[in-house]
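To start, the structure itself, in structure tokens.
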Amino acid sequence: MKKFLLTLTIAVCFQNGSAQEITLDKIYSGYYRGKGIAGISSMKNGEDYLVIEPNGIAKYSYKTSQKEGNIVDGQFSSYEFSDDESKILLLKESQPIYRHSFLGKFDIKDLKSGKMISLNEGKPVQEPRFSPDGTKIAFIVDNNIFYQDLDNGKIVQVTEHGVKNKVLNGLADWVYEEEFGHARLYEWTKNSNAIVFIKSVETEVPEIYIPIYGKSLYPQEMRYKYPKAGEKNSVVSAHIYLLEGGKKTKVNLDNFKNYYIPNVIQTTKPDEIVLITSERTQNASDILKVNTKTGSVQKLFTETDEKWIDTDNVTLEFLEDNSFLWGSERDGNRHLYWYDSNGKLKKQVTKGNWEVIDYYGYDPKSKDIYIQTTEKGSINKVVSKVNIENGKSQLISNTEGNNSANFSKNYHYFIENTSTSAKPNTYTLKDGNGKIIKELQNNNDQLQKLKADNFVEKEFITIPNEAGDQMNAWVLKPKNFDPNKKYPLFMFQYSGPGSQQVSNSRDNGNTLWFNHLVQKGYIVACVDGRGTGYKGATFKKATYMNLGKYEIEDQISAAKWFGNQSYIDKTRIGMFGWSFGGYMTSLAMTKGADIFKAGIAVAPVTNWRYYDSVYTERFLRTPQENPDGYDKNSPTEYADLLKGKFLLIHGTADDNVHFQNSMEFSEALIQNKKQFEFMAYPDKNHGIYGGQTRPQLYQKMTDFLLQNL
């Protein structure tokens, strides 16, 4: 459950809404749609950058910010250079599979000769990747790895025996892709002489089947391997393929943690690859260096944690001398640590009561690393540079809001994308010290439309919980807010481990709908309780082995706190959430039945026994080890407590949180003679979108609230 973030997709034609009002029609027409700059990437010289435009891949000068022309004409959704920038890989068409995976048709253009060729003769592939010398591209077809020689067009098959739902080579299975966050499980060595790949045998993994109704006389079936908590996972192994001679060798990992192998990482040395491996408990990971010539394995170090390691959020970056930076929460906050090439700790690079969120790169001349952090408060994200040797730090972005950066290769420039709750995304070109060179793009038009329609901004506050923590929260109040009046309260949350919904950033999705509700007379609020991220490991990991227990206690505490405010009608408090948030809403309407009058749960987990192994066991261990952690925090166990009005929503083709969850919860409610509303979306996945689906869904939820809260 990879921090599912709900956004409103544009799906219907514009119909004129009422003046001075945010309407669902306006939201879905694209009336408030913001502008962005797509595909920003620095060229190797550090003086030019590329972006994706409707008519091609355009080149701009950092110094002048002026367009210098297109390097490729045409419509492409993504691109990737070879290391020497002599060739460019262009995605022409794509078809999604799961969250990250897709089938794509690609072209390769030789920028010196101008020659354009098709990858794999124009047939769809997955996960293509240039060899570092730019002479070949590896890719995956039907669970097997191939590579194409770009000089003569010859295609060489690297692996055999790849079979759907049985064997995958170099490609993540469903649970790896969903929970480790990427689909590719192979890598070239730096000298382009070898490919190291992970082989996954999922023969023993239980299979889920989902009916696809469509318009067929008989429904079709979608079948795939889905390891639920406590069930068998794919058996994984690492292999080396040497291009010269085509020899394949299995890497011997018997002496190391080898249940999961989620990462295959290229180092700066030839004939070397690093694997990150883990036991099933995910509280210890080995960082292993593999010599691809000899097959020998050296353990660099083992990362451990009393609770869990974020195996889905790995930072491992190799510097020019093959020393490397590693992200760890070992001091209570996520920081960077510097190791030499043999795995000996040199020093902790960043320190403080804040966290490193993202790593952008390292300038070997200045010895500075560039990072995104929470050093200006947990609801803000800022960009800094830190000298790796003396620890001197300099903030180079705005001090408030959500700030991210895309750096030039020489770190003389960066393009800052910044937003706050009050200000839409703005793109600004800055020098390496953070001095503004030029504003490239803003969304002032969007802001003016919102202001004209009486858009209200979030008020950020903190709310105490029973454990003595101060929880971050935001509140949306009507424009004509009267403190002497009592308003119904509608609470939104997600609450999943490490997530964040209370952020000083522009949200062009749900916040528009929440403003629509505010204009109908509601106060809308969101609270990040225990288990959420960017406030340190102790706060985040407080929910270990009891997923859901403390999260719902904090939401109930927050609802009580709001109910004690003079302007809230405590008899009219509701909750809404999607995915993990739907799970929380289901608990709120049962365990919190005396507090919450109405609730909307979309695509909820209702029993963690039904969710996948990697995610669930990271926080709960297996059901065999921790049965109470599963059952005592399941809303199905409390179905008899439901009192208020409850709307349950699920897509029948949800490959992530299966429809089974809502079916079991429905049965529990039925057997307890509880009345509730249920909406099933035929053949829709976890996102529930397509055609008129989202407008219909949000109108239904709006009508439910107007009638019941």
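Here's how to read the names in the structure tokens: chain A, B, ... by the order shown, residue numbers from 1 in each chain, ligand numbers from 1 in the order shown.
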Selection: 9 Å around Ile71 of chain A, only C-alpha atoms, excl. self and same-chain fewer than 5 positions, as a PyMOL selection string:
chain A and resi 50+56-59+111
Store the residues picked out above, limited to N, CA and C atoms, as a PDB file, in the first residue's frame.
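Final output, saved to part.pdb:
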ATOM      1  N   LEU A  50      16.764  19.977 -20.662  1.00  0.00           N
ATOM      2  CA  LEU A  50      15.714  19.533 -21.565  1.00  0.00           C
ATOM      3  C   LEU A  50      14.376  19.488 -20.834  1.00  0.00           C
ATOM      4  N   GLY A  56       7.866  18.102 -28.992  1.00  0.00           N
ATOM      5  CA  GLY A  56       9.181  17.475 -28.976  1.00  0.00           C
ATOM      6  C   GLY A  56       9.920  17.639 -27.662  1.00  0.00           C
ATOM      7  N   ILE A  57      11.175  17.193 -27.665  1.00  0.00           N
ATOM      8  CA  ILE A  57      12.066  17.353 -26.518  1.00  0.00           C
ATOM      9  C   ILE A  57      12.879  18.618 -26.757  1.00  0.00           C
ATOM     10  N   ALA A  58      12.626  19.646 -25.942  1.00  0.00           N
ATOM     11  CA  ALA A  58      13.205  20.970 -26.179  1.00  0.00           C
ATOM     12  C   ALA A  58      14.432  21.190 -25.304  1.00  0.00           C
ATOM     13  N   LYS A  59      15.403  21.924 -25.858  1.00  0.00           N
ATOM     14  CA  LYS A  59      16.614  22.273 -25.120  1.00  0.00           C
ATOM     15  C   LYS A  59      16.595  23.748 -24.754  1.00  0.00           C
ATOM     16  N   LEU A 111      21.827  10.854 -31.992  1.00  0.00           N
ATOM     17  CA  LEU A 111      21.851  12.312 -32.128  1.00  0.00           C
ATOM     18  C   LEU A 111      23.003  12.802 -32.986  1.00  0.00           C
TER      19      LEU A 111
END
Determine which residues of segment 356-587 of chain A DSSP labels as alpha helix (DSSP H) from the backbone of this structure, then write them out as a compact mmCIF listing (two decimals) with all heavy atoms, in the first residue's frame.
# COMPACT_ATOMS: atom_id res chain seq x y z
N ASN A 444 -0.38 31.92 -11.57
CA ASN A 444 -1.18 33.05 -11.09
C ASN A 444 -2.59 33.04 -11.65
O ASN A 444 -3.54 33.46 -10.98
CB ASN A 444 -0.50 34.37 -11.43
CG ASN A 444 0.77 34.58 -10.60
OD1 ASN A 444 0.93 33.97 -9.55
ND2 ASN A 444 1.67 35.42 -11.08
N ASP A 445 -2.75 32.55 -12.88
CA ASP A 445 -4.09 32.46 -13.47
C ASP A 445 -4.96 31.50 -12.67
O ASP A 445 -6.13 31.79 -12.39
CB ASP A 445 -4.01 31.99 -14.92
CG ASP A 445 -3.40 33.03 -15.85
OD1 ASP A 445 -3.26 34.19 -15.41
OD2 ASP A 445 -3.06 32.68 -16.99
N GLN A 446 -4.39 30.38 -12.30
CA GLN A 446 -5.11 29.42 -11.48
C GLN A 446 -5.48 30.04 -10.14
O GLN A 446 -6.61 29.89 -9.66
CB GLN A 446 -4.25 28.17 -11.27
CG GLN A 446 -4.89 27.11 -10.38
CD GLN A 446 -3.89 26.07 -9.89
OE1 GLN A 446 -2.72 26.37 -9.70
NE2 GLN A 446 -4.36 24.85 -9.67
N LEU A 447 -4.53 30.74 -9.53
CA LEU A 447 -4.77 31.37 -8.24
C LEU A 447 -5.89 32.39 -8.32
O LEU A 447 -6.75 32.47 -7.42
CB LEU A 447 -3.48 32.03 -7.74
CG LEU A 447 -3.51 32.66 -6.36
CD1 LEU A 447 -3.85 31.61 -5.29
CD2 LEU A 447 -2.18 33.32 -6.03
N GLN A 448 -5.92 33.19 -9.37
CA GLN A 448 -6.96 34.20 -9.52
C GLN A 448 -8.34 33.58 -9.70
O GLN A 448 -9.33 34.07 -9.15
CB GLN A 448 -6.64 35.12 -10.71
CG GLN A 448 -5.40 35.99 -10.50
CD GLN A 448 -5.45 36.78 -9.19
OE1 GLN A 448 -6.46 37.42 -8.87
NE2 GLN A 448 -4.36 36.71 -8.42
N LYS A 449 -8.41 32.48 -10.43
CA LYS A 449 -9.69 31.78 -10.58
C LYS A 449 -10.18 31.26 -9.23
O LYS A 449 -11.36 31.36 -8.91
CB LYS A 449 -9.54 30.62 -11.56
CG LYS A 449 -9.37 31.03 -13.02
CD LYS A 449 -9.19 29.80 -13.90
CE LYS A 449 -9.01 30.18 -15.36
NZ LYS A 449 -8.79 29.00 -16.22
N LEU A 450 -9.26 30.70 -8.46
CA LEU A 450 -9.63 30.18 -7.15
C LEU A 450 -10.08 31.30 -6.22
O LEU A 450 -11.08 31.16 -5.50
CB LEU A 450 -8.45 29.42 -6.54
CG LEU A 450 -8.10 28.09 -7.22
CD1 LEU A 450 -6.74 27.59 -6.74
CD2 LEU A 450 -9.18 27.04 -6.95
N LYS A 451 -9.34 32.38 -6.21
CA LYS A 451 -9.72 33.51 -5.36
C LYS A 451 -11.09 34.06 -5.75
O LYS A 451 -11.90 34.40 -4.88
CB LYS A 451 -8.66 34.61 -5.43
CG LYS A 451 -7.39 34.28 -4.67
CD LYS A 451 -6.40 35.44 -4.74
CE LYS A 451 -5.17 35.16 -3.89
NZ LYS A 451 -4.19 36.27 -3.96
N ALA A 452 -11.33 34.15 -7.06
CA ALA A 452 -12.61 34.67 -7.54
C ALA A 452 -13.77 33.78 -7.10
O ALA A 452 -14.90 34.26 -6.91
CB ALA A 452 -12.59 34.79 -9.05
N ASN A 510 -8.05 16.80 -3.82
CA ASN A 510 -9.14 16.77 -2.85
C ASN A 510 -9.45 18.13 -2.23
O ASN A 510 -10.58 18.39 -1.83
CB ASN A 510 -8.82 15.78 -1.73
CG ASN A 510 -9.40 14.41 -2.02
OD1 ASN A 510 -10.40 14.31 -2.71
ND2 ASN A 510 -8.78 13.38 -1.52
N THR A 511 -8.44 19.00 -2.13
CA THR A 511 -8.70 20.30 -1.51
C THR A 511 -9.75 21.09 -2.29
O THR A 511 -10.49 21.89 -1.71
CB THR A 511 -7.40 21.10 -1.38
OG1 THR A 511 -6.51 20.38 -0.53
CG2 THR A 511 -7.65 22.46 -0.75
N LEU A 512 -9.84 20.87 -3.59
CA LEU A 512 -10.90 21.53 -4.37
C LEU A 512 -12.27 21.01 -3.94
O LEU A 512 -13.21 21.79 -3.76
CB LEU A 512 -10.68 21.28 -5.86
CG LEU A 512 -9.43 21.93 -6.48
CD1 LEU A 512 -9.23 21.45 -7.90
CD2 LEU A 512 -9.55 23.45 -6.44
N TRP A 513 -12.38 19.70 -3.78
CA TRP A 513 -13.65 19.13 -3.32
C TRP A 513 -13.96 19.60 -1.90
O TRP A 513 -15.10 19.94 -1.58
CB TRP A 513 -13.60 17.60 -3.38
CG TRP A 513 -14.87 16.93 -2.94
CD1 TRP A 513 -16.14 17.20 -3.36
CD2 TRP A 513 -15.00 15.87 -1.98
NE1 TRP A 513 -17.05 16.38 -2.73
CE2 TRP A 513 -16.37 15.55 -1.87
CE3 TRP A 513 -14.08 15.16 -1.20
CZ2 TRP A 513 -16.84 14.55 -1.02
CZ3 TRP A 513 -14.55 14.17 -0.36
CH2 TRP A 513 -15.92 13.87 -0.28
N PHE A 514 -12.93 19.62 -1.05
CA PHE A 514 -13.16 20.08 0.32
C PHE A 514 -13.65 21.53 0.34
O PHE A 514 -14.50 21.90 1.15
CB PHE A 514 -11.89 19.94 1.15
CG PHE A 514 -11.42 18.52 1.33
CD1 PHE A 514 -10.07 18.23 1.45
CD2 PHE A 514 -12.33 17.48 1.36
CE1 PHE A 514 -9.64 16.92 1.62
CE2 PHE A 514 -11.91 16.16 1.52
CZ PHE A 514 -10.56 15.88 1.65
N ASN A 515 -13.13 22.36 -0.55
CA ASN A 515 -13.62 23.73 -0.64
C ASN A 515 -15.06 23.77 -1.10
O ASN A 515 -15.85 24.61 -0.65
CB ASN A 515 -12.74 24.55 -1.60
CG ASN A 515 -11.73 25.40 -0.86
OD1 ASN A 515 -11.96 26.58 -0.61
ND2 ASN A 515 -10.62 24.80 -0.48
N HIS A 516 -15.43 22.88 -2.01
CA HIS A 516 -16.82 22.76 -2.43
C HIS A 516 -17.70 22.46 -1.22
O HIS A 516 -18.79 23.05 -1.06
CB HIS A 516 -16.93 21.64 -3.48
CG HIS A 516 -18.32 21.34 -3.92
ND1 HIS A 516 -19.09 22.21 -4.67
CD2 HIS A 516 -19.10 20.23 -3.72
CE1 HIS A 516 -20.27 21.66 -4.92
NE2 HIS A 516 -20.31 20.46 -4.35
N LEU A 517 -17.23 21.58 -0.34
CA LEU A 517 -18.00 21.23 0.86
C LEU A 517 -18.03 22.39 1.86
O LEU A 517 -19.06 22.63 2.51
CB LEU A 517 -17.41 19.98 1.52
CG LEU A 517 -17.45 18.70 0.69
CD1 LEU A 517 -16.77 17.57 1.44
CD2 LEU A 517 -18.89 18.31 0.34
N VAL A 518 -16.91 23.09 1.99
CA VAL A 518 -16.87 24.25 2.88
C VAL A 518 -17.90 25.28 2.44
O VAL A 518 -18.59 25.90 3.27
CB VAL A 518 -15.45 24.86 2.90
CG1 VAL A 518 -15.46 26.25 3.53
CG2 VAL A 518 -14.50 23.95 3.66
N ALA A 537 11.44 8.78 13.92
CA ALA A 537 11.15 7.35 13.90
C ALA A 537 10.25 6.92 15.06
O ALA A 537 9.42 6.02 14.91
CB ALA A 537 12.46 6.57 13.94
N THR A 538 10.40 7.53 16.23
CA THR A 538 9.59 7.13 17.38
C THR A 538 8.11 7.36 17.11
O THR A 538 7.27 6.49 17.38
CB THR A 538 10.03 7.90 18.64
OG1 THR A 538 11.41 7.59 18.92
CG2 THR A 538 9.18 7.51 19.84
N PHE A 539 7.77 8.51 16.58
CA PHE A 539 6.37 8.84 16.27
C PHE A 539 5.85 7.92 15.17
O PHE A 539 4.72 7.42 15.25
CB PHE A 539 6.29 10.31 15.83
CG PHE A 539 4.89 10.85 15.70
CD1 PHE A 539 4.17 11.23 16.83
CD2 PHE A 539 4.30 11.00 14.46
CE1 PHE A 539 2.88 11.74 16.72
CE2 PHE A 539 3.01 11.51 14.34
CZ PHE A 539 2.30 11.88 15.47
N LYS A 540 6.66 7.70 14.15
CA LYS A 540 6.24 6.88 13.02
C LYS A 540 6.06 5.42 13.41
O LYS A 540 5.12 4.75 12.96
CB LYS A 540 7.26 6.99 11.88
CG LYS A 540 6.89 6.18 10.65
CD LYS A 540 7.85 6.43 9.51
CE LYS A 540 9.19 5.77 9.74
NZ LYS A 540 10.07 5.89 8.55
N LYS A 549 -4.45 0.55 15.75
CA LYS A 549 -4.89 0.81 17.14
C LYS A 549 -4.67 2.26 17.55
O LYS A 549 -5.61 2.95 17.96
CB LYS A 549 -4.14 -0.13 18.09
CG LYS A 549 -4.39 0.17 19.57
CD LYS A 549 -3.66 -0.81 20.47
CE LYS A 549 -3.65 -0.37 21.92
NZ LYS A 549 -4.99 -0.17 22.49
N TYR A 550 -3.42 2.71 17.46
CA TYR A 550 -3.11 4.07 17.92
C TYR A 550 -3.55 5.12 16.90
O TYR A 550 -3.90 6.25 17.27
CB TYR A 550 -1.63 4.19 18.24
CG TYR A 550 -1.19 3.24 19.32
CD1 TYR A 550 -0.36 2.16 19.05
CD2 TYR A 550 -1.66 3.39 20.63
CE1 TYR A 550 0.02 1.27 20.04
CE2 TYR A 550 -1.29 2.50 21.63
CZ TYR A 550 -0.46 1.44 21.33
OH TYR A 550 -0.10 0.55 22.31
N GLU A 551 -3.57 4.72 15.64
CA GLU A 551 -4.01 5.66 14.60
C GLU A 551 -5.46 6.07 14.83
O GLU A 551 -5.81 7.25 14.75
CB GLU A 551 -3.85 5.03 13.21
CG GLU A 551 -2.42 4.72 12.82
CD GLU A 551 -2.01 3.29 13.13
OE1 GLU A 551 -2.44 2.76 14.20
OE2 GLU A 551 -1.30 2.69 12.32
N ILE A 552 -6.33 5.07 15.11
CA ILE A 552 -7.74 5.43 15.30
C ILE A 552 -7.95 6.11 16.65
O ILE A 552 -8.81 6.99 16.78
CB ILE A 552 -8.67 4.19 15.14
CG1 ILE A 552 -10.12 4.65 14.99
CG2 ILE A 552 -8.53 3.23 16.30
CD1 ILE A 552 -10.36 5.58 13.82
N GLU A 553 -7.17 5.74 17.65
CA GLU A 553 -7.26 6.45 18.93
C GLU A 553 -6.95 7.92 18.74
O GLU A 553 -7.62 8.80 19.34
CB GLU A 553 -6.29 5.83 19.94
CG GLU A 553 -6.74 4.46 20.46
CD GLU A 553 -5.76 3.86 21.45
OE1 GLU A 553 -4.77 4.55 21.82
OE2 GLU A 553 -5.96 2.71 21.87
N ASP A 554 -5.96 8.23 17.90
CA ASP A 554 -5.60 9.63 17.67
C ASP A 554 -6.67 10.37 16.88
O ASP A 554 -6.93 11.56 17.12
CB ASP A 554 -4.25 9.71 16.95
CG ASP A 554 -3.08 9.43 17.88
OD1 ASP A 554 -3.32 9.27 19.09
OD2 ASP A 554 -1.94 9.38 17.40
N GLN A 555 -7.32 9.69 15.92
CA GLN A 555 -8.39 10.34 15.17
C GLN A 555 -9.60 10.59 16.07
O GLN A 555 -10.25 11.64 15.97
CB GLN A 555 -8.78 9.49 13.96
CG GLN A 555 -7.70 9.37 12.90
CD GLN A 555 -7.28 10.70 12.31
OE1 GLN A 555 -8.12 11.54 11.99
NE2 GLN A 555 -5.97 10.90 12.17
N ILE A 556 -9.88 9.66 16.96
CA ILE A 556 -10.98 9.85 17.92
C ILE A 556 -10.65 11.00 18.88
O ILE A 556 -11.50 11.86 19.17
CB ILE A 556 -11.27 8.55 18.69
CG1 ILE A 556 -11.88 7.51 17.74
CG2 ILE A 556 -12.18 8.80 19.87
CD1 ILE A 556 -12.02 6.12 18.34
N SER A 557 -9.39 11.05 19.34
CA SER A 557 -8.97 12.16 20.22
C SER A 557 -9.12 13.50 19.50
O SER A 557 -9.58 14.49 20.10
CB SER A 557 -7.51 11.97 20.65
OG SER A 557 -7.38 10.90 21.54
N ALA A 558 -8.72 13.52 18.23
CA ALA A 558 -8.82 14.76 17.46
C ALA A 558 -10.28 15.17 17.28
O ALA A 558 -10.63 16.36 17.41
CB ALA A 558 -8.15 14.59 16.10
N ALA A 559 -11.15 14.19 17.00
CA ALA A 559 -12.57 14.50 16.83
C ALA A 559 -13.16 15.05 18.14
O ALA A 559 -13.96 16.00 18.12
CB ALA A 559 -13.32 13.25 16.39
N LYS A 560 -12.76 14.47 19.26
CA LYS A 560 -13.23 14.98 20.56
C LYS A 560 -12.72 16.40 20.81
O LYS A 560 -13.45 17.25 21.33
CB LYS A 560 -12.77 14.04 21.68
CG LYS A 560 -13.49 12.70 21.71
CD LYS A 560 -12.95 11.83 22.84
CE LYS A 560 -13.69 10.51 22.94
NZ LYS A 560 -13.14 9.64 24.01
N TRP A 561 -11.46 16.64 20.45
CA TRP A 561 -10.90 17.98 20.63
C TRP A 561 -11.69 18.99 19.82
O TRP A 561 -12.06 20.06 20.32
CB TRP A 561 -9.43 17.98 20.23
CG TRP A 561 -8.75 19.30 20.43
CD1 TRP A 561 -8.09 19.73 21.54
CD2 TRP A 561 -8.67 20.39 19.49
NE1 TRP A 561 -7.60 21.00 21.36
CE2 TRP A 561 -7.95 21.43 20.10
CE3 TRP A 561 -9.15 20.58 18.19
CZ2 TRP A 561 -7.68 22.64 19.45
CZ3 TRP A 561 -8.88 21.78 17.55
CH2 TRP A 561 -8.16 22.79 18.18
N PHE A 562 -11.95 18.66 18.55
CA PHE A 562 -12.75 19.57 17.71
C PHE A 562 -14.14 19.74 18.30
O PHE A 562 -14.70 20.85 18.31
CB PHE A 562 -12.84 19.02 16.29
CG PHE A 562 -11.67 19.38 15.41
CD1 PHE A 562 -10.80 18.40 14.97
CD2 PHE A 562 -11.44 20.69 15.03
CE1 PHE A 562 -9.72 18.71 14.15
CE2 PHE A 562 -10.37 21.02 14.22
CZ PHE A 562 -9.50 20.03 13.78
N GLY A 563 -14.73 18.62 18.79
CA GLY A 563 -16.07 18.70 19.34
C GLY A 563 -16.18 19.61 20.55
O GLY A 563 -17.27 20.13 20.85
N PHE A 580 -5.82 3.01 3.03
CA PHE A 580 -5.59 2.98 4.47
C PHE A 580 -6.56 3.94 5.17
O PHE A 580 -7.06 3.66 6.26
CB PHE A 580 -4.14 3.36 4.78
CG PHE A 580 -3.67 2.95 6.15
CD1 PHE A 580 -2.79 1.90 6.32
CD2 PHE A 580 -4.10 3.63 7.28
CE1 PHE A 580 -2.35 1.52 7.58
CE2 PHE A 580 -3.67 3.26 8.56
CZ PHE A 580 -2.80 2.20 8.71
N GLY A 581 -6.84 5.05 4.53
CA GLY A 581 -7.81 6.00 5.08
C GLY A 581 -9.21 5.43 5.14
O GLY A 581 -9.99 5.76 6.04
N GLY A 582 -9.55 4.56 4.18
CA GLY A 582 -10.84 3.87 4.23
C GLY A 582 -10.90 2.89 5.38
O GLY A 582 -11.95 2.72 6.03
N TYR A 583 -9.79 2.23 5.63
CA TYR A 583 -9.67 1.35 6.81
C TYR A 583 -9.91 2.15 8.09
O TYR A 583 -10.67 1.72 8.97
CB TYR A 583 -8.27 0.73 6.79
CG TYR A 583 -7.78 0.12 8.07
CD1 TYR A 583 -8.41 -0.98 8.65
CD2 TYR A 583 -6.65 0.63 8.70
CE1 TYR A 583 -7.92 -1.55 9.82
CE2 TYR A 583 -6.15 0.08 9.87
CZ TYR A 583 -6.79 -1.02 10.43
OH TYR A 583 -6.30 -1.58 11.59
N MET A 584 -9.29 3.32 8.18
CA MET A 584 -9.46 4.16 9.36
C MET A 584 -10.89 4.64 9.51
O MET A 584 -11.45 4.68 10.62
CB MET A 584 -8.51 5.35 9.27
CG MET A 584 -7.05 4.97 9.34
SD MET A 584 -6.61 4.26 10.93
CE MET A 584 -6.80 5.68 11.97
N THR A 585 -11.54 4.99 8.40
CA THR A 585 -12.93 5.43 8.47
C THR A 585 -13.82 4.29 8.94
O THR A 585 -14.77 4.50 9.72
CB THR A 585 -13.39 5.93 7.09
OG1 THR A 585 -12.56 7.01 6.68
CG2 THR A 585 -14.84 6.39 7.13
N SER A 586 -13.53 3.07 8.50
CA SER A 586 -14.31 1.91 8.94
C SER A 586 -14.16 1.69 10.44
O SER A 586 -15.12 1.35 11.13
CB SER A 586 -13.86 0.66 8.17
OG SER A 586 -14.03 0.83 6.78
N LEU A 587 -12.94 1.90 10.96
CA LEU A 587 -12.73 1.81 12.41
C LEU A 587 -13.43 2.96 13.13
O LEU A 587 -13.99 2.77 14.22
CB LEU A 587 -11.24 1.83 12.72
CG LEU A 587 -10.46 0.53 12.48
CD1 LEU A 587 -8.97 0.75 12.68
CD2 LEU A 587 -10.96 -0.59 13.39
*Skip Ala668 of chain A itself and residues of its chain fewer than 2 positions away, then list as a ChimeraX atom specification all residues within 9 Å of it, counting only C-alpha atoms.*
/A:636-640,663-666,670-674
**Pick from A:Val527, A:Ile22, A:Leu440, A:Leu697, whichever lies nearest to Asn472 of chain A using only C-alpha atoms** =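 Checking each of A:Val527, A:Ile22, A:Leu440, A:Leu697 against Asn472 of chain A, counting only C-alpha atoms, the winner is A:Val527.
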Give me the residues near Gln348 of chain A as a PyMOL selection string, where near means some atom within 8 Å (using only C-alpha atoms) and where sequence neighbours in that chain fewer than 4 positions away do not count. chain A and resi 335-338
C-alpha atoms of the current selection, written as a compact mmCIF listing (two decimals), in the first residue's frame:
# COMPACT_ATOMS: atom_id res chain seq x y z
CA HIS A 335 19.88 11.11 7.97
CA LEU A 336 22.77 10.39 5.62
CA TYR A 337 25.88 8.41 6.57
CA TRP A 338 29.11 8.26 4.57
**Message:** Need to verify the contact set: Asp310 of chain A, 9 Å, only C-alpha atoms, exclusion of same-chain residues closer than 2 positions in sequence. Can you return it as a VMD selection string?
**Reply:** chain A and resid 282 to 283 308 312 to 314 328 618
Using all heavy atoms, can you export the residues from the last selection as a compact mmCIF listing (two decimals), in the first residue's frame?
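out-v3.txt, written as the output of this step:
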# COMPACT_ATOMS: atom_id res chain seq x y z
N GLN A 282 12.05 -7.80 7.73
CA GLN A 282 12.39 -6.46 7.24
C GLN A 282 12.92 -5.54 8.35
O GLN A 282 12.78 -4.32 8.27
CB GLN A 282 11.19 -5.81 6.55
CG GLN A 282 10.72 -6.58 5.31
CD GLN A 282 9.52 -5.94 4.66
OE1 GLN A 282 9.61 -4.88 4.05
NE2 GLN A 282 8.37 -6.59 4.79
N ASN A 283 13.55 -6.13 9.36
CA ASN A 283 14.19 -5.31 10.38
C ASN A 283 15.71 -5.39 10.31
O ASN A 283 16.41 -4.89 11.20
CB ASN A 283 13.70 -5.69 11.79
CG ASN A 283 13.97 -7.15 12.12
OD1 ASN A 283 14.61 -7.86 11.37
ND2 ASN A 283 13.46 -7.58 13.26
N TRP A 308 11.32 -1.82 12.19
CA TRP A 308 11.44 -2.15 10.77
C TRP A 308 12.33 -1.14 10.07
O TRP A 308 12.58 -0.04 10.57
CB TRP A 308 10.07 -2.19 10.09
CG TRP A 308 9.45 -0.86 9.78
CD1 TRP A 308 9.73 -0.03 8.74
CD2 TRP A 308 8.43 -0.17 10.54
NE1 TRP A 308 8.96 1.11 8.79
CE2 TRP A 308 8.15 1.05 9.88
CE3 TRP A 308 7.72 -0.49 11.70
CZ2 TRP A 308 7.20 1.94 10.35
CZ3 TRP A 308 6.78 0.41 12.16
CH2 TRP A 308 6.52 1.61 11.49
N ASP A 312 11.20 0.12 1.32
CA ASP A 312 10.64 0.75 0.13
C ASP A 312 11.22 2.14 -0.11
O ASP A 312 10.82 2.82 -1.06
CB ASP A 312 9.12 0.85 0.26
CG ASP A 312 8.69 1.71 1.45
OD1 ASP A 312 9.46 1.77 2.44
OD2 ASP A 312 7.60 2.30 1.40
N ASN A 313 12.14 2.58 0.73
CA ASN A 313 12.65 3.94 0.63
C ASN A 313 14.16 3.92 0.89
O ASN A 313 14.64 4.43 1.89
CB ASN A 313 11.94 4.85 1.64
CG ASN A 313 12.37 6.30 1.52
OD1 ASN A 313 12.79 6.75 0.46
ND2 ASN A 313 12.29 7.03 2.62
N VAL A 314 14.89 3.32 -0.04
CA VAL A 314 16.33 3.14 0.12
C VAL A 314 17.08 4.31 -0.49
O VAL A 314 16.80 4.73 -1.62
CB VAL A 314 16.78 1.82 -0.54
CG1 VAL A 314 18.30 1.74 -0.61
CG2 VAL A 314 16.22 0.64 0.24
N SER A 328 19.60 6.38 6.81
CA SER A 328 19.25 5.54 7.95
C SER A 328 18.51 6.36 9.01
O SER A 328 18.75 7.56 9.16
CB SER A 328 20.51 4.93 8.57
OG SER A 328 20.23 4.29 9.80
N ARG A 618 5.79 -5.95 7.37
CA ARG A 618 6.76 -4.94 7.79
C ARG A 618 6.34 -4.30 9.10
O ARG A 618 7.17 -3.98 9.95
CB ARG A 618 6.89 -3.88 6.69
CG ARG A 618 7.98 -2.85 6.92
CD ARG A 618 7.94 -1.79 5.83
NE ARG A 618 8.19 -2.34 4.53
CZ ARG A 618 7.72 -1.84 3.38
NH1 ARG A 618 6.95 -0.76 3.41
NH2 ARG A 618 7.99 -2.42 2.23
>> I want to know what sits within 6 Å of His650 of chain A, based on only C-alpha atoms, with residues of the same chain fewer than 5 positions away left out; could you give that as a list in words?
In response: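 Selected residues are Val602, Ala603 and Ala680 of chain A.
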Pull C-alpha atoms from the residues just selected and write them as a short mmCIF file (atom, residue, chain, number, x, y, z; two decimals), in the first residue's frame.
data_model
loop_
_atom_site.label_atom_id
_atom_site.label_comp_id
_atom_site.auth_asym_id
_atom_site.auth_seq_id
_atom_site.Cartn_x
_atom_site.Cartn_y
_atom_site.Cartn_z
CA VAL A 602 -13.31 4.04 -0.18
CA ALA A 603 -11.36 0.87 -1.11
CA ALA A 680 -19.40 -1.03 -6.33
#
